[in-house]
$ cat target-v2.txt   # compact mmCIF, C-alpha atoms
# COMPACT_ATOMS: atom_id res chain seq x y z
CA VAL A 1 -6.77 18.13 6.13
CA ASP A 2 -3.55 17.59 4.23
CA GLY A 3 -1.65 16.03 7.13
CA GLY A 4 1.48 17.96 6.21
CA THR A 5 1.85 16.17 2.88
CA GLY A 6 1.11 19.19 0.71
CA LEU A 7 -1.53 17.12 -1.10
CA GLY A 8 -4.44 19.31 -0.14
CA PRO A 9 -7.70 18.02 1.31
CA GLY A 10 -8.91 14.48 1.00
CA PRO A 11 -7.57 10.99 1.44
CA VAL A 12 -5.08 9.36 -0.95
CA VAL A 13 -4.17 5.91 -2.18
CA VAL A 14 -0.55 5.39 -1.16
CA GLY A 15 1.37 3.03 -3.44
CA SER A 16 4.84 1.83 -2.55
CA ASN A 17 7.42 -0.77 -3.44
CA HIS A 18 7.75 -3.63 -0.97
CA ALA A 19 11.25 -5.12 -0.54
CA SER A 20 10.93 -6.41 3.04
CA ILE A 21 8.77 -6.62 6.13
CA ALA A 22 10.36 -3.31 7.16
CA ALA A 23 8.28 -1.47 4.51
CA PRO A 24 5.02 -1.19 6.52
CA PHE A 25 6.93 0.03 9.58
CA LEU A 26 8.64 2.80 7.61
CA LEU A 27 5.38 3.78 5.90
CA SER A 28 3.63 4.05 9.25
CA PHE A 29 5.70 7.20 9.88
CA LEU A 30 3.98 9.06 7.02
CA PRO A 31 1.82 11.90 8.37
CA LEU A 32 -1.39 10.24 7.17
CA ASP A 33 -4.20 8.38 8.83
CA MET A 34 -4.29 5.31 6.60
CA ARG A 35 -5.38 1.71 6.51
CA PHE A 36 -3.09 -0.92 5.01
CA VAL A 37 -4.23 -3.64 2.62
CA ALA A 38 -2.47 -6.77 3.86
CA LYS A 39 -2.50 -10.42 2.93
CA ALA A 40 -5.31 -12.20 4.75
CA GLU A 41 -2.96 -14.77 6.30
CA LEU A 42 -1.45 -12.03 8.49
CA PHE A 43 -4.85 -11.49 10.10
CA ASP A 44 -4.69 -15.10 11.37
CA LEU A 45 -1.48 -14.57 13.36
CA PRO A 46 -2.01 -14.23 17.11
CA LEU A 47 -0.62 -10.76 17.88
CA VAL A 48 -0.18 -9.32 14.38
CA GLY A 49 -3.71 -10.25 13.32
CA TRP A 50 -5.19 -8.65 16.41
CA LEU A 51 -3.27 -5.42 15.73
CA LEU A 52 -4.29 -5.38 12.05
CA ARG A 53 -7.96 -5.83 12.91
CA LEU A 54 -7.83 -3.29 15.74
CA SER A 55 -6.32 -0.65 13.44
CA GLY A 56 -8.94 -1.25 10.74
CA ASP A 57 -6.55 -2.61 8.13
CA ILE A 58 -8.07 -4.43 5.15
CA PRO A 59 -7.45 -8.12 4.39
CA LEU A 60 -6.91 -9.52 0.90
CA ARG A 61 -6.67 -13.20 0.07
CA ARG A 62 -4.53 -13.34 -3.06
CA GLY A 63 -6.05 -15.23 -5.98
CA ASP A 64 -9.56 -15.02 -4.49
CA ALA A 65 -11.92 -12.90 -6.63
CA ALA A 66 -14.50 -12.51 -3.84
CA SER A 67 -11.79 -11.28 -1.47
CA ALA A 68 -10.56 -8.82 -4.13
CA ARG A 69 -14.10 -7.43 -4.51
CA ALA A 70 -14.46 -7.11 -0.73
CA MET A 71 -11.07 -5.37 -0.49
CA HIS A 72 -12.03 -2.98 -3.30
CA ALA A 73 -15.34 -2.11 -1.60
CA ALA A 74 -13.67 -1.66 1.80
CA CYS A 75 -11.01 0.63 0.31
CA VAL A 76 -13.53 2.79 -1.56
CA THR A 77 -15.62 3.08 1.62
CA THR A 78 -12.55 3.92 3.71
CA LEU A 79 -11.57 6.65 1.25
CA ALA A 80 -15.14 8.01 1.16
CA LEU A 81 -15.01 8.29 4.96
CA GLY A 82 -11.87 10.42 4.68
CA THR A 83 -9.13 7.92 5.52
CA SER A 84 -6.24 7.11 3.18
CA VAL A 85 -5.43 3.59 2.02
CA MET A 86 -1.97 2.00 1.56
CA ILE A 87 -1.68 -0.69 -1.10
CA PHE A 88 1.51 -2.38 -2.33
CA PRO A 89 0.86 -2.42 -6.10
CA GLU A 90 3.31 -5.28 -6.69
CA GLY A 91 1.00 -7.51 -4.67
CA THR A 92 3.82 -9.10 -2.68
CA ARG A 93 7.35 -8.47 -1.49
CA SER A 94 10.09 -8.32 -4.09
CA ARG A 95 12.67 -10.96 -3.20
CA SER A 96 15.23 -9.45 -5.60
CA GLY A 97 14.67 -5.83 -4.60
CA ASP A 98 13.76 -4.98 -8.20
CA LEU A 99 10.48 -3.19 -8.78
CA GLY A 100 7.95 -5.74 -9.99
CA THR A 101 4.95 -5.41 -12.26
CA PHE A 102 2.13 -3.40 -10.76
CA ARG A 103 -1.23 -5.10 -10.39
CA ARG A 104 -4.39 -3.15 -11.20
CA GLY A 105 -6.15 -3.23 -7.80
CA ALA A 106 -4.71 -0.06 -6.25
CA PHE A 107 -5.46 1.91 -9.39
CA LYS A 108 -8.98 0.55 -9.77
CA VAL A 109 -9.62 1.66 -6.18
CA ALA A 110 -8.17 5.13 -6.79
CA VAL A 111 -10.22 5.64 -9.96
CA ALA A 112 -13.43 4.34 -8.36
CA ALA A 113 -12.96 6.65 -5.35
CA GLY A 114 -11.63 9.61 -7.34
CA ALA A 115 -8.65 9.61 -4.98
CA THR A 116 -5.19 10.97 -5.69
CA ILE A 117 -2.37 8.43 -5.83
CA LEU A 118 0.66 9.16 -3.67
CA PRO A 119 3.64 7.16 -4.97
CA VAL A 120 6.30 6.40 -2.36
CA ALA A 121 9.69 4.89 -3.19
CA LEU A 122 11.26 3.07 -0.27
CA HIS A 123 15.04 2.81 -0.21
CA GLY A 124 17.09 0.54 2.06
CA THR A 125 14.31 -1.56 3.56
CA ALA A 126 15.75 -4.82 2.18
CA ALA A 127 18.90 -4.24 4.25
CA CYS A 128 16.77 -4.02 7.42
CA VAL A 129 15.94 -7.71 7.14
CA ALA A 130 18.72 -9.96 5.84
CA ASP A 131 20.04 -13.45 6.46
CA GLY A 132 16.81 -14.44 8.17
CA GLY A 133 16.91 -11.74 10.83
CA VAL A 134 16.29 -8.11 11.59
CA ARG A 135 19.30 -5.85 11.49
CA ARG A 136 20.09 -2.21 11.98
CA ALA A 137 20.14 -0.38 8.66
CA SER A 138 19.33 2.99 7.17
CA ALA A 139 16.10 3.26 5.18
CA ARG A 140 14.13 6.19 3.82
CA ALA A 141 10.84 6.95 2.11
CA GLU A 142 10.92 9.19 -0.96
CA ILE A 143 7.55 10.89 -1.46
CA LEU A 144 6.98 11.34 -5.19
CA ALA A 145 4.64 13.70 -7.03
CA PRO A 146 0.94 12.95 -6.44
CA ILE A 147 -1.07 11.68 -9.40
CA ALA A 148 -4.66 12.89 -9.78
CA THR A 149 -7.34 10.46 -10.97
CA ALA A 150 -10.18 12.95 -11.48
CA GLY A 151 -11.93 12.24 -14.76
CA LEU A 152 -10.29 8.83 -15.24
CA GLY A 153 -12.21 5.61 -15.81
CA ASP A 154 -11.62 1.86 -16.02
CA ALA A 155 -10.02 2.24 -19.46
CA ASP A 156 -7.28 4.37 -17.87
CA VAL A 157 -6.25 1.93 -15.12
CA ASP A 158 -3.38 0.22 -16.96
CA ALA A 159 -1.82 3.53 -18.09
CA LEU A 160 -2.24 4.90 -14.54
CA ALA A 161 -0.43 1.86 -13.11
CA GLU A 162 2.45 2.31 -15.57
CA ARG A 163 2.66 6.05 -14.91
CA THR A 164 2.83 5.41 -11.19
CA ARG A 165 5.43 2.66 -11.60
CA ALA A 166 7.59 4.97 -13.75
$ encode --input "target-v2.txt" --output "structure tokens"
Amino acid sequence: VDGGTGLGPGPVVVGSNHASIAAPFLLSFLPLDMRFVAKAELFDLPLVGWLLRLSGDIPLRRGDAASARAMHAACVTTLALGTSVMIFPEGTRSRSGDLGTFRRGAFKVAVAAGATILPVALHGTAACVADGGVRRASARAEILAPIATAGLGDADVDALAERTRA
């Protein structure tokens, strides 16, 4: 079911910029059933970790190759079961608000699963959290053109990441 996205059938890999902790909240309004890839440390927090685990989100310990392999496998399985996956390709929040370099993980997952990539540009989320606190601000998600991965392989991952970033 396309969930109102116009993408057609099948799950997608959602890739978005990440300027503040407001990003996941805004993305949760997308009309998709999706699991977020989140830094493993969040799963250790009392309430947040419980909610992440309960919703089936996928932990990733940055800099840990075994964790990256487990995340990749969990994402491919999640997609095969018909649920979309949300990955922040920058790997962390952008403190400056500028779009950072995209890491390969999201694109390796999409290629391995044969899933379409749905790029999403978030605007205004940095203003939602400023000066150490949450504040009222206007933010929006711009849904960009989907990028098919059918027929792509490992050799195409870097070009796919750059195309998505552009």
$ closest_residue --input "target-v2.txt" --among "A:Ala110, A:Leu42, A:Val134, A:Val48" --to "Pro89 of chain A" --atoms "only C-alpha atoms"
A:Ala110
$ closest_residue --input "target-v2.txt" --among "A:Leu47, A:Ala113, A:Leu32, A:Ala166" --to "Cys75 of chain A" --atoms "only C-alpha atoms"
A:Ala113
$ residues_around --input "target-v2.txt" --residues "segment 143-146 of chain A" --least-positions-apart "3" --cutoff "8 Å" --atoms "only C-alpha atoms" --output "PyMOL selection string"
chain A and resi 7+116-121
$ closest_atom_pairs --input "target-v2.txt" --of "segment 28-112 of chain A" --to "segment 160-165 of chain A" --cutoff "8 Å" --atoms "all atoms listed in the file" --output "tab-separated table"
residue	atom	partner	partner_atom	distance
A:Phe102	CA	A:Ala161	CA	6.3
A:Arg103	CA	A:Ala161	CA	7.5
A:Arg104	CA	A:Ala161	CA	6.7
A:Phe107	CA	A:Ala161	CA	6.3
$ closest_atom_pairs --input "target-v2.txt" --of "segment 34-63 of chain A" --to "segment 12-18 of chain A" --cutoff "12 Å" --atoms "all atoms listed in the file" --output "tab-separated table"
residue	atom	partner	partner_atom	distance
A:Met34	CA	A:Val12	CA	8.6
A:Arg35	CA	A:Val13	CA	9.7
A:Phe36	CA	A:Val14	CA	9.2
A:Val37	CA	A:Val14	CA	10.5
A:Ala38	CA	A:His18	CA	11.7
$ residues_around --input "target-v2.txt" --residues "Met71 of chain A" --least-positions-apart "6" --cutoff "8 Å" --atoms "only C-alpha atoms" --output "JSON list (two decimals) with C-alpha atoms, keeping the file's coordinate frame"
[["chain", "number", "residue", "atom", "x", "y", "z"],
["A", 37, "VAL", "CA", -4.23, -3.64, 2.62],
["A", 58, "ILE", "CA", -8.07, -4.43, 5.15],
["A", 59, "PRO", "CA", -7.45, -8.12, 4.39],
["A", 60, "LEU", "CA", -6.91, -9.52, 0.90]]
$ closest_residue --input "target-v2.txt" --among "A:Leu79, A:Ala148, A:Ala141, A:Met86" --to "Thr125 of chain A" --atoms "all atoms listed in the file"
A:Ala141
$ closest_residue --input "target-v2.txt" --among "A:Val129, A:Leu54, A:Val157, A:Ala115" --to "Gly82 of chain A" --atoms "all atoms listed in the file"
A:Ala115
$ atom_distance --input "target-v2.txt" --atom1 "atom CA of Arg61 of chain A" --atom2 "atom CA of Lys39 of chain A"
5.8 Å
$ closest_residue --input "target-v2.txt" --among "A:Pro31, A:Pro46, A:Gly133, A:Pro24" --to "Thr83 of chain A" --atoms "all atoms listed in the file"
A:Pro31
$ closest_residue --input "target-v2.txt" --among "A:Val76, A:Ala19, A:Cys128, A:Leu30" --to "Glu142 of chain A" --atoms "only C-alpha atoms"
A:Leu30
$ atom_distance --input "target-v2.txt" --atom1 "atom CA of Ala70 of chain A" --atom2 "atom CA of Ser20 of chain A"
25.7 Å
$ atom_distance --input "target-v2.txt" --atom1 "atom CA of Leu81 of chain A" --atom2 "atom CA of Gly153 of chain A"
21.1 Å
